[in-house]
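K.L.:
This is the structure, below, for whatever I ask next.
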Amino acid sequence: MAERGYIHVYTGNGKGKTTAALGISLRCVCAGKRVFFGQFIKDWEYSELRAGEILPNFEIVQFGRGCFIDRDPEEEDCRAAREGLARCDRALQSGEYDLVVLDEVNVALFYGLFGVEDVIEVLERRDPGVEVVLTGRYAPQEIIDTADLVTEMREVKHYFNEGIRSREGIEC
């Protein structure tokens with residue numbers, strides 16, 4: 001029988017949630033495991049999108065139409081997020097992946113792109129040997145209760161507050 005996979009949640013207002021998920025992904029790939037990395041909300045050309053070209057057994061897909069800093073989510077955002085959740089559901093059940101990351105899924109939940117019960121159902125249907133990472137600030141209590149490991153990133157100080165924007169290879 002395959003080893004049990006656990007559910008990790010990386011949340012909080014501090015920097016490093018996606019970075020931590022990429023770190024565990026790299027560790028898995030280097031151990032000969034297969035990773036599916038689904039990014040909700042995001043649609044920018046982040047540097048990590050090139051990882052699939054470099055790393056064997058690493059697949060990364062974006063399911064977003066951009067950030068909601070300056071606009072409310074539209075029906076098209078909900079559709080893209082639901083399609084992304086369905087794709088992650090298939091990855092979690094397929095037996096093809098050892099680790100599946102739902103990057104920024106908590107933000108998608110916060111903005112109501114789909115319901116927390118939808119995510120919990122996807123987690124319950126997964127192959128029991130698959131490790132799962134859910135990232136994003138605003139993790140709802142139901143997700144925290146479902147998880148086996150929860151890490152909260154807390155901002156203490158950030159240079160963004162001094163006007164420093166995202167830098168390639170560091171934040172994007």
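Labels for the structure tokens follow display order: chains A, B, ..., residues from 1 in each chain, ligands from 1.
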Can you list, as a compact mmCIF listing (two decimals) with C-alpha atoms, in the first residue's frame, every protein, DNA or RNA residue that comes within 9 Å of segment 81-87 of chain A when you count only C-alpha atoms, leaving out same-chain residues fewer than 2 positions away?

P.N.:
```txt
# COMPACT_ATOMS: atom_id res chain seq x y z
CA GLY A 38 -2.05 24.52 -10.30
CA GLN A 39 -2.11 28.30 -9.85
CA PHE A 40 -5.46 29.95 -9.16
CA ILE A 41 -6.01 33.68 -9.76
CA VAL A 61 -0.74 25.38 -15.09
CA GLN A 62 -2.40 28.74 -14.42
CA PHE A 63 -6.17 28.98 -13.91
CA GLY A 64 -6.53 32.71 -13.50
CA GLU A 76 -15.29 34.52 -16.29
CA ASP A 77 -13.00 34.45 -13.22
CA CYS A 78 -15.38 32.01 -11.52
CA ARG A 79 -15.50 29.82 -14.62
CA ASP A 89 -9.48 17.12 -8.95
CA ARG A 90 -8.45 14.96 -11.91
CA ALA A 91 -4.76 15.30 -10.98
CA LEU A 92 -5.49 14.29 -7.39
CA LEU A 102 -3.42 24.28 -5.33
CA VAL A 105 -6.77 28.40 -3.70
CA ALA A 108 -10.06 31.96 -4.74
CA LEU A 113 -14.91 31.81 -7.02
CA PHE A 114 -16.13 28.45 -5.67
CA ASP A 118 -16.09 22.12 -3.30
CA VAL A 119 -12.44 22.08 -2.22
CA VAL A 122 -11.92 17.38 -4.07
```

K.L.:
Taking the chain letters and numbering used in this document, name the residues of segment 10-123 of chain A that DSSP puts in helix (DSSP H, G or I), as a PyMOL selection string.

P.N.:
chain A and resi 17-30+47-54+75-94+105-110+116-123

K.L.:
If I take atom CA of Val35 of chain A and atom CA of Gly169 of chain A, how far is one from the other in Å, to one decimal?

P.N.:
20.7 Å

K.L.:
Counting only C-alpha atoms, which residues of segment 43-99 of chain A fall within 8 Å of segment 125-138 of chain A, and what is the closest atom pair for each with its distance in Å at one decimal, ordered by chain and rising number, as a Markdown table?

P.N.:
```
| residue | atom | partner | partner_atom | distance |
| --- | --- | --- | --- | --- |
| A:Asp89 | CA | A:Arg126 | CA | 7.2 |
| A:Leu92 | CA | A:Arg126 | CA | 4.8 |
| A:Gln93 | CA | A:Arg126 | CA | 4.7 |
| A:Ser94 | CA | A:Asp127 | CA | 7.4 |
| A:Gly95 | CA | A:Asp127 | CA | 6.6 |
| A:Tyr97 | CA | A:Val130 | CA | 6.9 |
| A:Asp98 | CA | A:Val130 | CA | 5.0 |
| A:Leu99 | CA | A:Glu131 | CA | 4.7 |
```

K.L.:
Compare A:Val100, A:Arg34, A:Glu59, A:Lys157 by their minimum atom-to-atom distance to Ala21 of chain A, counting only C-alpha atoms, and give me the closest one.

P.N.:
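For Ala21 of chain A, the nearest of the given residues is A:Val100.
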
K.L.:
If you run DSSP over the backbone, which residues in segment 12-129 of chain A end up strand (DSSP E or B)? Put them as a ChimeraX atom specification.

P.N.:
/A:35-40,58-63,99-103

K.L.:
Any idea what the distance is between atom CA of Thr11 of chain A and atom CA of Thr146 of chain A?

P.N.:
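The value is 13.9 Å.
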
K.L.:
Report as a list of chain:residue names all protein, DNA and RNA residues lying within 7 Å of segment 151-156 of chain A, evaluated on only C-alpha atoms, omitting residues in the same chain fewer than 6 positions from it.

P.N.:
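Everything that qualifies: A:Val9, A:Tyr10, A:Thr11, A:Gly12, A:Asn13, A:Gly14, A:Lys15, A:Gly16.
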
K.L.:
Could those residues be written to a file, using N, CA and C atoms, as a PDB file, in the first residue's frame?

P.N.:
```pdb
ATOM      1  N   VAL A   9      -1.302  23.300   4.491  1.00  0.00           N
ATOM      2  CA  VAL A   9      -1.843  24.624   4.198  1.00  0.00           C
ATOM      3  C   VAL A   9      -0.767  25.643   4.563  1.00  0.00           C
ATOM      4  N   TYR A  10      -0.440  26.508   3.594  1.00  0.00           N
ATOM      5  CA  TYR A  10       0.479  27.629   3.821  1.00  0.00           C
ATOM      6  C   TYR A  10      -0.348  28.891   3.633  1.00  0.00           C
ATOM      7  N   THR A  11      -0.577  29.629   4.727  1.00  0.00           N
ATOM      8  CA  THR A  11      -1.462  30.784   4.694  1.00  0.00           C
ATOM      9  C   THR A  11      -0.838  31.941   5.455  1.00  0.00           C
ATOM     10  N   GLY A  12      -1.568  33.023   5.599  1.00  0.00           N
ATOM     11  CA  GLY A  12      -1.098  34.194   6.326  1.00  0.00           C
ATOM     12  C   GLY A  12      -0.776  35.347   5.392  1.00  0.00           C
ATOM     13  N   ASN A  13      -0.505  36.509   5.994  1.00  0.00           N
ATOM     14  CA  ASN A  13      -0.264  37.706   5.191  1.00  0.00           C
ATOM     15  C   ASN A  13       1.206  37.923   4.847  1.00  0.00           C
ATOM     16  N   GLY A  14       2.070  37.013   5.249  1.00  0.00           N
ATOM     17  CA  GLY A  14       3.492  37.166   4.956  1.00  0.00           C
ATOM     18  C   GLY A  14       3.889  36.547   3.622  1.00  0.00           C
ATOM     19  N   LYS A  15       5.025  36.992   3.130  1.00  0.00           N
ATOM     20  CA  LYS A  15       5.582  36.491   1.872  1.00  0.00           C
ATOM     21  C   LYS A  15       6.092  35.061   2.070  1.00  0.00           C
ATOM     22  N   GLY A  16       5.963  34.237   1.032  1.00  0.00           N
ATOM     23  CA  GLY A  16       6.614  32.943   1.081  1.00  0.00           C
ATOM     24  C   GLY A  16       5.732  31.725   0.912  1.00  0.00           C
TER      25      GLY A  16
END
```

K.L.:
Leaving out Ala147 of chain A and any residue of its chain fewer than 3 positions from it, which residues lie within 9 Å of it when counting only C-alpha atoms, given as a ChimeraX atom specification?

P.N.:
/A:6-9,142-144,150

K.L.:
I'd like the interatomic distance between atom CA of Glu104 of chain A and atom CA of Lys33 of chain A, to a tenth of an Å.

P.N.:
22.4 Å

K.L.:
For Glu171 of chain A, please output as a list in words all residues within 9 Å (counting only C-alpha atoms; exclusion window: fewer than 4 positions along the same chain).

P.N.:
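Returned residues: Lys15, Gly16, Thr19, Tyr46, Ser47, Arg165, Ser166 and Arg167 of chain A.
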
K.L.:
For the residues in the current selection, export N, CA and C atoms as a CSV table (one decimal), in the first residue's frame.

P.N.:
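Result file selection-v2.csv:
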```csv
chain,number,residue,atom,x,y,z
A,15,LYS,N,5.0,37.0,3.1
A,15,LYS,CA,5.6,36.5,1.9
A,15,LYS,C,6.1,35.1,2.1
A,16,GLY,N,6.0,34.2,1.0
A,16,GLY,CA,6.6,32.9,1.1
A,16,GLY,C,5.7,31.7,0.9
A,19,THR,N,6.4,30.3,-2.6
A,19,THR,CA,7.8,29.9,-2.5
A,19,THR,C,8.0,28.6,-1.8
A,46,TYR,N,5.1,34.5,-14.4
A,46,TYR,CA,6.0,34.3,-13.3
A,46,TYR,C,7.1,33.4,-13.7
A,47,SER,N,8.3,33.7,-13.1
A,47,SER,CA,9.5,32.9,-13.5
A,47,SER,C,9.3,31.4,-13.3
A,165,ARG,N,8.9,47.2,-5.8
A,165,ARG,CA,7.9,46.4,-6.5
A,165,ARG,C,8.5,45.0,-6.7
A,166,SER,N,7.7,44.1,-7.2
A,166,SER,CA,8.1,42.7,-7.4
A,166,SER,C,9.3,42.7,-8.4
A,167,ARG,N,10.2,41.8,-8.0
A,167,ARG,CA,11.4,41.7,-8.8
A,167,ARG,C,11.5,40.3,-9.4
```

K.L.:
Return the single residue from A:Ile164, A:Leu109, A:Ile120, A:Ile24 that is closest to Ala139 of chain A, with distances computed using only C-alpha atoms.

P.N.:
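Smallest separation from Ala139 of chain A among the options: A:Leu109.
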